[in-house]
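The next block is input.csv, given as CSV, C-alpha atoms.
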```csv
chain,number,residue,atom,x,y,z
G,1,MET,CA,70.9,-3.7,-121.4
G,2,ALA,CA,71.8,-1.1,-118.7
G,3,LEU,CA,72.5,2.5,-118.1
G,4,HIS,CA,75.2,3.6,-115.6
G,5,ILE,CA,74.9,6.3,-113.0
G,6,VAL,CA,78.3,7.5,-111.8
G,7,LEU,CA,78.5,9.6,-108.7
G,8,VAL,CA,81.9,11.2,-108.5
G,9,GLU,CA,82.8,11.9,-104.8
G,10,PRO,CA,79.2,12.1,-103.5
G,11,GLU,CA,78.9,13.9,-100.1
G,12,ILE,CA,75.4,13.5,-98.8
G,13,PRO,CA,74.3,10.0,-97.8
G,14,PRO,CA,70.5,10.4,-98.5
G,15,ASN,CA,71.2,11.5,-102.0
G,16,THR,CA,73.2,8.4,-102.7
G,17,GLY,CA,70.6,6.2,-101.0
G,18,ASN,CA,67.9,7.7,-103.1
G,19,ILE,CA,69.9,7.2,-106.3
G,20,ALA,CA,70.7,3.6,-105.3
G,21,ARG,CA,67.0,3.0,-104.9
G,22,THR,CA,66.4,4.4,-108.4
G,23,ALA,CA,69.2,2.3,-109.8
G,24,ALA,CA,67.7,-0.9,-108.4
G,25,ALA,CA,64.2,0.0,-109.6
G,26,THR,CA,65.5,0.7,-113.2
G,27,ASP,CA,68.1,-2.1,-113.5
G,28,SER,CA,70.8,0.6,-113.8
G,29,VAL,CA,74.3,0.2,-112.5
G,30,LEU,CA,75.5,2.6,-109.8
G,31,HIS,CA,79.1,3.6,-109.6
G,32,LEU,CA,80.5,5.4,-106.6
G,33,VAL,CA,83.9,7.1,-107.1
G,34,LYS,CA,85.9,7.8,-104.0
G,35,PRO,CA,86.5,9.7,-101.9
G,36,LEU,CA,83.0,9.4,-100.5
G,37,GLY,CA,81.7,11.9,-98.0
G,38,PHE,CA,80.3,9.1,-95.9
G,39,ARG,CA,80.7,5.5,-95.0
G,40,LEU,CA,78.7,2.9,-96.9
G,41,ASP,CA,77.3,1.5,-93.7
G,42,GLU,CA,75.9,4.9,-92.6
G,43,LYS,CA,72.4,4.7,-91.3
G,44,SER,CA,71.0,7.6,-93.4
G,45,LEU,CA,72.4,6.1,-96.6
G,46,ARG,CA,70.8,2.7,-95.8
G,47,ARG,CA,67.5,4.3,-94.8
G,48,ALA,CA,67.2,6.3,-98.0
G,49,GLY,CA,67.8,3.2,-100.1
G,50,LEU,CA,65.3,1.3,-98.0
G,51,ASP,CA,65.4,-2.5,-98.6
G,52,TYR,CA,66.6,-2.0,-102.2
G,53,TRP,CA,70.3,-2.3,-101.5
G,54,PRO,CA,70.5,-6.1,-102.2
G,55,TYR,CA,69.2,-5.3,-105.7
G,56,VAL,CA,71.7,-2.5,-106.5
G,57,LYS,CA,74.3,-3.3,-109.1
G,58,LEU,CA,77.1,-1.4,-107.3
G,59,GLU,CA,80.7,-0.7,-108.3
G,60,ILE,CA,83.1,1.3,-106.2
G,61,HIS,CA,86.1,3.0,-107.8
G,62,GLU,CA,89.1,4.4,-105.9
G,63,SER,CA,89.3,7.6,-108.0
G,64,LEU,CA,88.0,9.3,-111.1
G,65,ASP,CA,91.3,8.2,-112.8
G,66,ASP,CA,90.6,4.6,-111.9
G,67,PHE,CA,87.1,4.8,-113.2
G,68,MET,CA,88.3,6.3,-116.5
G,69,GLU,CA,91.0,3.7,-116.8
G,70,GLN,CA,88.3,1.0,-116.6
G,71,TYR,CA,85.4,2.8,-118.5
G,72,GLY,CA,87.0,5.7,-120.4
G,73,ASP,CA,86.3,4.0,-123.7
G,74,ARG,CA,82.5,4.1,-123.1
G,75,ARG,CA,80.1,6.9,-124.1
G,76,LEU,CA,80.1,9.4,-121.2
G,77,TRP,CA,77.6,12.1,-120.4
G,78,LEU,CA,78.7,14.7,-117.9
G,79,ALA,CA,75.8,16.3,-116.0
G,80,THR,CA,76.9,19.8,-115.1
G,81,THR,CA,75.5,23.3,-114.9
G,82,LYS,CA,78.4,24.1,-117.3
G,83,GLY,CA,76.9,21.9,-120.1
G,84,GLY,CA,76.6,23.4,-123.5
G,85,GLN,CA,73.5,21.3,-124.4
G,86,PHE,CA,70.4,20.3,-122.7
G,87,TYR,CA,70.1,16.7,-121.5
G,88,THR,CA,67.2,16.2,-123.9
G,89,ASP,CA,69.3,17.2,-126.9
G,90,VAL,CA,71.4,14.1,-127.0
G,91,GLU,CA,70.7,10.6,-128.0
G,92,TYR,CA,71.4,8.0,-125.3
G,93,HIS,CA,72.5,4.5,-126.0
G,94,ASP,CA,72.6,1.2,-124.1
G,95,GLU,CA,75.6,1.1,-121.6
G,96,ASP,CA,76.0,4.9,-121.6
G,97,MET,CA,77.6,6.3,-118.4
G,98,ILE,CA,76.0,9.4,-116.9
G,99,LEU,CA,78.4,11.2,-114.5
G,100,PHE,CA,77.4,13.5,-111.7
G,101,GLY,CA,79.8,15.4,-109.4
G,102,ARG,CA,79.9,16.4,-105.7
G,103,GLU,CA,76.8,18.2,-104.4
G,104,THR,CA,78.9,21.2,-103.4
G,105,ALA,CA,81.3,21.5,-106.3
G,106,GLY,CA,80.1,19.3,-109.2
G,107,LEU,CA,82.6,17.5,-111.5
G,108,PRO,CA,86.2,18.8,-111.7
G,109,ARG,CA,86.5,21.7,-114.1
G,110,ASP,CA,89.4,20.2,-116.0
G,111,PHE,CA,87.5,17.0,-116.5
G,112,ILE,CA,84.5,18.9,-117.9
G,113,ASN,CA,86.8,20.9,-120.2
G,114,ALA,CA,88.4,17.7,-121.5
G,115,HIS,CA,84.9,16.2,-122.2
G,116,SER,CA,83.0,19.4,-123.1
G,117,GLU,CA,81.2,17.8,-126.1
G,118,ALA,CA,79.6,15.4,-123.6
G,119,ALA,CA,78.6,18.0,-121.0
G,120,VAL,CA,74.8,18.2,-120.6
G,121,ARG,CA,72.7,20.4,-118.3
G,122,ILE,CA,69.1,20.6,-117.0
G,123,PRO,CA,67.6,23.9,-117.9
G,124,MET,CA,66.7,26.1,-114.9
G,125,SER,CA,66.1,29.7,-113.9
G,126,ALA,CA,68.8,32.2,-114.7
G,127,ASP,CA,68.6,33.6,-111.1
G,128,THR,CA,72.2,33.7,-110.0
G,129,ARG,CA,71.3,32.7,-106.5
G,130,LEU,CA,70.4,29.3,-107.6
G,131,ARG,CA,73.3,26.9,-108.2
G,132,SER,CA,71.8,23.6,-109.3
G,133,PHE,CA,69.1,21.0,-108.7
G,134,ASN,CA,69.4,18.4,-105.9
G,135,LEU,CA,71.7,15.5,-107.0
G,136,SER,CA,69.2,12.7,-106.6
G,137,ASN,CA,66.6,14.8,-108.5
G,138,SER,CA,69.1,15.5,-111.3
G,139,ALA,CA,70.1,11.9,-111.6
G,140,ASN,CA,66.4,10.9,-111.9
G,141,ILE,CA,65.6,13.5,-114.4
G,142,ILE,CA,68.4,12.6,-116.8
G,143,LEU,CA,68.2,8.8,-116.2
G,144,PHE,CA,64.5,8.8,-117.1
G,145,GLU,CA,65.0,10.8,-120.2
G,146,ALA,CA,67.7,8.2,-121.3
G,147,LEU,CA,65.3,5.3,-120.4
G,148,ARG,CA,62.4,7.0,-122.3
G,149,GLN,CA,64.6,7.3,-125.4
G,150,LEU,CA,65.5,3.6,-125.1
G,151,ASP,CA,61.7,2.7,-124.7
G,152,PHE,CA,62.2,1.7,-121.0
G,153,PRO,CA,64.0,-1.5,-121.7
G,154,GLY,CA,63.1,-4.3,-119.3
G,155,LEU,CA,60.8,-2.1,-117.3
G,156,GLU,CA,57.0,-2.4,-116.8
```

What would you get if you wrote out this structure as structure tokens?
Amino acid sequence: MALHIVLVEPEIPPNTGNIARTAAATDSVLHLVKPLGFRLDEKSLRRAGLDYWPYVKLEIHESLDDFMEQYGDRRLWLATTKGGQFYTDVEYHDEDMILFGRETAGLPRDFINAHSEAAVRIPMSADTRLRSFNLSNSANIILFEALRQLDFPGLE
């Protein structure tokens, strides 16, 4: 049993490192979709993930199209400020894929439009100066709701 965290074109190494650490600690699978805004051997990426990297179930994909070709038949949830429903309003299942976009731009607009029924958001202030939550915080918030719904499978 596993949930999948999919980072589409992540840009900031410490965010990805923090999410990798969470993936290892929760037995989730981490997918990185290129292009990446950093090298996988970057010091800040490694430091954020600490010594958890050997325990990360990691898959690298050359593009979002390649990812979709391999996993497009799975249940997808798109984490986006454009989501029409709260992340707590959906029912998560084993093997669900939770996608997050670039820190500066999110997921591609056409991709969100094509999967609008799967777009979820984290509620936040309506203050227009605020764009979104930090990527690693968002991934943790949504992942732990999914794990809670599944009764924290395999976790103590």

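With all atoms listed in the file taken into account, the protein and nucleic acid residues at most 12 Å from G:Phe152 (excluding it and anything under 2 positions from it in its own chain) are Met1, Ala2, Leu3, Ala25, Thr26, Asp27, Ser28, Tyr92, His93, Asp94, Leu143, Phe144, Glu145, Ala146, Leu147, Arg148, Gln149, Leu150, Gly154, Leu155 and Glu156 of chain G.
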
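The coordinates place atom CA of G:Ala114 at 21.2 Å from atom CA of G:Ile142.
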
Test item: residues at most 8 Å from stretch 32-39 of chain G, all atoms listed in the file, excluding those fewer than 6 positions along its chain, as number ranges by chain: G: 6-13, 58-64, 67

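Note that atom CA of G:Met97 and atom CA of G:Ala24 are 15.8 Å apart.
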
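For the pair atom CA of G:Leu50 and atom CA of G:Ala23, the separation is 12.5 Å.
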
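Comparing the minimum interatomic distances between G:Asp89 and each of G:Glu69, G:Asp41, G:Glu117, G:Asp51, counting only C-alpha atoms, we find that G:Glu117 sits nearest.
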
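With distances restricted to all atoms listed in the file, G:Tyr52 is the closest residue to G:Thr22 from G:Phe86, G:Tyr52, G:Phe100, G:Tyr71.
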
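With all atoms listed in the file as the atoms that count, the residue of G:Tyr87, G:Thr104, G:Thr80, G:Asn137 with the shortest distance to G:Ser116 is G:Thr80.
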
Kindly extract all protein, DNA and RNA residues lying within 7 Å of the coordinates (79.2, 14.6, -122.3) given in the file, considering all atoms listed in the file, and supply them as a PyMOL selection string. chain G and resi 76-78+115-120

Quick one: write out the picked residues with C-alpha atoms as a PDB file, in the coordinates of the input?
```pdb
ATOM      1  CA  LEU G  76      80.100   9.400-121.200  1.00  0.00           C
ATOM      2  CA  TRP G  77      77.600  12.100-120.400  1.00  0.00           C
ATOM      3  CA  LEU G  78      78.700  14.700-117.900  1.00  0.00           C
ATOM      4  CA  HIS G 115      84.900  16.200-122.200  1.00  0.00           C
ATOM      5  CA  SER G 116      83.000  19.400-123.100  1.00  0.00           C
ATOM      6  CA  GLU G 117      81.200  17.800-126.100  1.00  0.00           C
ATOM      7  CA  ALA G 118      79.600  15.400-123.600  1.00  0.00           C
ATOM      8  CA  ALA G 119      78.600  18.000-121.000  1.00  0.00           C
ATOM      9  CA  VAL G 120      74.800  18.200-120.600  1.00  0.00           C
TER      10      VAL G 120
END
```

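Residue nearest G:Asn113, chosen from G:Gly83, G:Gly101, G:Ser132, G:Glu91 and counting only C-alpha atoms: G:Gly83.
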
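Closest approach to G:Asp96 among G:Asn15, G:Asp127, G:Leu40, G:Arg75 is made by G:Arg75 (distances from all atoms listed in the file).
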